[in-house]
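Just below is one structure, and these are the notes that go with it.
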Amino acid sequence: RKWNFRSTTGFTALGVIVSENDGASDINGVLFQVPKEEMSNFDRREVGYKKVEVPLKCLEFHSDTMSGSTPQTKFCLGSNDRIWLYVPLPSHTMYADENHPLLQSYVDTVLQGCLEWGGERMAEEFISTTGGWSCFYLNDCTSSRRPWLFRKQYHLIDQLLSKHSQLTNYGDRR
């Protein structure tokens, strides 16, 4: 997983790439169920990404070791179930630059999800298993004088990003 998706709206989002380690690599994430009839809505939303099926044998579940604030759902996956991952198309695969920075609001959204579903451990695993962190990092939070209104757990998120600043370039945020 890397910050490598060039959004047409002027920022760099998350994507995945084929691993350099024999094609396999571990990343964490949240699995959620979507009814078949709603998948076309996801396909339309994920413009610039290709939907790729993930074989069930490639998944490991760790709900018993995570401590998020959201109750974990137990899935009973059957052989007819499909797991999808959206992978950036080559035409949209680019790293952050001055005109397409990482956005603090996007980073906050992702890390807030990690904290809710898997606690600090999941958030730290996300940070350490994500590449493409950039010095082009914009603090786009509109209400920096009252961040608690818009950025849940902003103190903890900023603390984690700062703790891993050699990776995240948190100190370069503008």
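Within each chain, counting starts at residue 1; across the structure tokens, chains are named A, B, ... in the order shown, with ligands numbered 1 upward in that order.
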
So which residues touch Pro101 (chain A) within 6 Å, counting only C-alpha atoms, skipping near sequence neighbours fewer than 6 positions away, as JSON, numbers by chain? {"A": [11, 12, 136, 137]}

Each region 74-138 of chain A residue no farther than 10 Å from region 33-40 of chain A, nearest pair in Å, only C-alpha atoms, as JSON lines:
```
{"residue": "A:Phe75", "atom": "CA", "partner": "A:Gln33", "partner_atom": "CA", "distance": 8.7}
{"residue": "A:Asp81", "atom": "CA", "partner": "A:Gln33", "partner_atom": "CA", "distance": 9.9}
{"residue": "A:Arg82", "atom": "CA", "partner": "A:Lys36", "partner_atom": "CA", "distance": 9.7}
{"residue": "A:Ile83", "atom": "CA", "partner": "A:Gln33", "partner_atom": "CA", "distance": 9.1}
{"residue": "A:Trp84", "atom": "CA", "partner": "A:Met39", "partner_atom": "CA", "distance": 9.9}
```

Take the selection from the previous step and output its residues with all heavy atoms, as a compact mmCIF listing (two decimals), in the first residue's frame.
```txt
# COMPACT_ATOMS: atom_id res chain seq x y z
N PHE A 75 -17.37 -12.55 10.00
CA PHE A 75 -17.85 -12.93 8.68
C PHE A 75 -17.74 -14.44 8.52
O PHE A 75 -16.75 -15.04 8.95
CB PHE A 75 -17.00 -12.28 7.57
CG PHE A 75 -17.28 -10.83 7.38
CD1 PHE A 75 -16.41 -9.88 7.85
CD2 PHE A 75 -18.40 -10.41 6.68
CE1 PHE A 75 -16.65 -8.54 7.65
CE2 PHE A 75 -18.66 -9.08 6.48
CZ PHE A 75 -17.78 -8.12 6.97
N ASP A 81 -18.38 -16.15 -2.09
CA ASP A 81 -18.14 -14.76 -1.72
C ASP A 81 -16.92 -14.23 -2.45
O ASP A 81 -15.99 -14.98 -2.77
CB ASP A 81 -17.93 -14.65 -0.20
CG ASP A 81 -19.21 -14.88 0.57
OD1 ASP A 81 -20.28 -14.42 0.11
OD2 ASP A 81 -19.15 -15.52 1.63
N ARG A 82 -16.92 -12.94 -2.72
CA ARG A 82 -15.83 -12.29 -3.44
C ARG A 82 -15.31 -11.13 -2.61
O ARG A 82 -16.08 -10.35 -2.04
CB ARG A 82 -16.28 -11.77 -4.80
CG ARG A 82 -16.83 -12.84 -5.72
CD ARG A 82 -15.70 -13.74 -6.23
NE ARG A 82 -16.18 -14.81 -7.07
CZ ARG A 82 -16.33 -16.06 -6.67
NH1 ARG A 82 -16.04 -16.42 -5.44
NH2 ARG A 82 -16.75 -16.98 -7.50
N ILE A 83 -13.99 -10.99 -2.57
CA ILE A 83 -13.33 -9.87 -1.90
C ILE A 83 -12.66 -9.06 -3.01
O ILE A 83 -11.93 -9.61 -3.85
CB ILE A 83 -12.26 -10.36 -0.89
CG1 ILE A 83 -12.85 -11.36 0.10
CG2 ILE A 83 -11.61 -9.17 -0.20
CD1 ILE A 83 -13.95 -10.80 0.97
N TRP A 84 -12.91 -7.76 -3.00
CA TRP A 84 -12.37 -6.88 -4.04
C TRP A 84 -11.44 -5.83 -3.43
O TRP A 84 -11.66 -5.36 -2.33
CB TRP A 84 -13.50 -6.17 -4.78
CG TRP A 84 -14.47 -7.11 -5.42
CD1 TRP A 84 -15.71 -7.47 -4.94
CD2 TRP A 84 -14.29 -7.84 -6.63
NE1 TRP A 84 -16.29 -8.37 -5.80
CE2 TRP A 84 -15.44 -8.61 -6.84
CE3 TRP A 84 -13.25 -7.92 -7.56
CZ2 TRP A 84 -15.61 -9.44 -7.95
CZ3 TRP A 84 -13.41 -8.73 -8.66
CH2 TRP A 84 -14.57 -9.49 -8.85
```

With only C-alpha atoms as the counted atoms, please give the residues lying no more than 7 Å from Val87 (chain A), apart from itself and same-chain residues fewer than 6 positions off, as a PDB file with N, CA, C and O atoms, in the first residue's frame.
```pdb
ATOM      1  N   GLY A  15      -3.250   3.880  -2.636  1.00  0.00           N
ATOM      2  CA  GLY A  15      -3.331   2.844  -3.648  1.00  0.00           C
ATOM      3  C   GLY A  15      -2.520   1.654  -3.188  1.00  0.00           C
ATOM      4  O   GLY A  15      -1.946   1.664  -2.099  1.00  0.00           O
ATOM      5  N   VAL A  16      -2.507   0.642  -3.989  1.00  0.00           N
ATOM      6  CA  VAL A  16      -1.668  -0.522  -3.722  1.00  0.00           C
ATOM      7  C   VAL A  16      -0.831  -0.796  -4.960  1.00  0.00           C
ATOM      8  O   VAL A  16      -1.164  -0.373  -6.059  1.00  0.00           O
ATOM      9  N   TYR A  49      -9.283   3.585 -10.660  1.00  0.00           N
ATOM     10  CA  TYR A  49      -8.858   2.338 -10.037  1.00  0.00           C
ATOM     11  C   TYR A  49      -9.440   1.167 -10.828  1.00  0.00           C
ATOM     12  O   TYR A  49     -10.495   1.294 -11.448  1.00  0.00           O
ATOM     13  N   LYS A  50      -8.771   0.051 -10.775  1.00  0.00           N
ATOM     14  CA  LYS A  50      -9.264  -1.198 -11.358  1.00  0.00           C
ATOM     15  C   LYS A  50      -9.652  -2.122 -10.207  1.00  0.00           C
ATOM     16  O   LYS A  50      -8.897  -2.278  -9.251  1.00  0.00           O
ATOM     17  N   LYS A  51     -10.826  -2.737 -10.301  1.00  0.00           N
ATOM     18  CA  LYS A  51     -11.292  -3.659  -9.271  1.00  0.00           C
ATOM     19  C   LYS A  51     -10.628  -5.021  -9.503  1.00  0.00           C
ATOM     20  O   LYS A  51     -10.743  -5.603 -10.567  1.00  0.00           O
ATOM     21  N   VAL A  52      -9.922  -5.503  -8.482  1.00  0.00           N
ATOM     22  CA  VAL A  52      -9.181  -6.773  -8.572  1.00  0.00           C
ATOM     23  C   VAL A  52      -9.678  -7.696  -7.466  1.00  0.00           C
ATOM     24  O   VAL A  52      -9.799  -7.284  -6.306  1.00  0.00           O
TER      25      VAL A  52
END
```

So, with only C-alpha atoms as the atoms that count, which of A:Asp97, A:Phe5, A:Asn28, A:Arg44 lies closest to Val110 (chain A)? A:Asn28

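In this comparison, which uses only C-alpha atoms, the residue of A:Trp117, A:Tyr86, A:Phe126, A:Tyr106 approaching Asp140 (chain A) most closely is A:Tyr106.
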
Where in chain A does DSSP assign helix (DSSP H, G or I), given as an NGL selection string? :A and (36-45 or 56-58 or 63-65 or 90-92 or 104-128 or 147-149 or 154-163 or 165-168 or 170-172)

Pick out the residues sitting within 12 Å of Ser165 (chain A), and hand them over as a list of chain:residue names; count only C-alpha atoms, and ignore anything fewer than 3 positions along from it in its own chain.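 So the residues in contact are A:Glu124, A:Ile127, A:Ser128, A:Trp133, A:Ser134, A:Cys135, A:Tyr137, A:Ile157, A:Asp158, A:Gln159, A:Leu160, A:Leu161, A:Ser162, A:Thr168, A:Asn169, A:Tyr170, A:Gly171, A:Asp172, A:Arg173.
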
Of the residues A:Phe32, A:Leu115, A:Leu103, A:Gly78, which is the one nearest to Gly10 (chain A), using only C-alpha atoms?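 Selected residue with least distance to Gly10 (chain A): A:Leu103.
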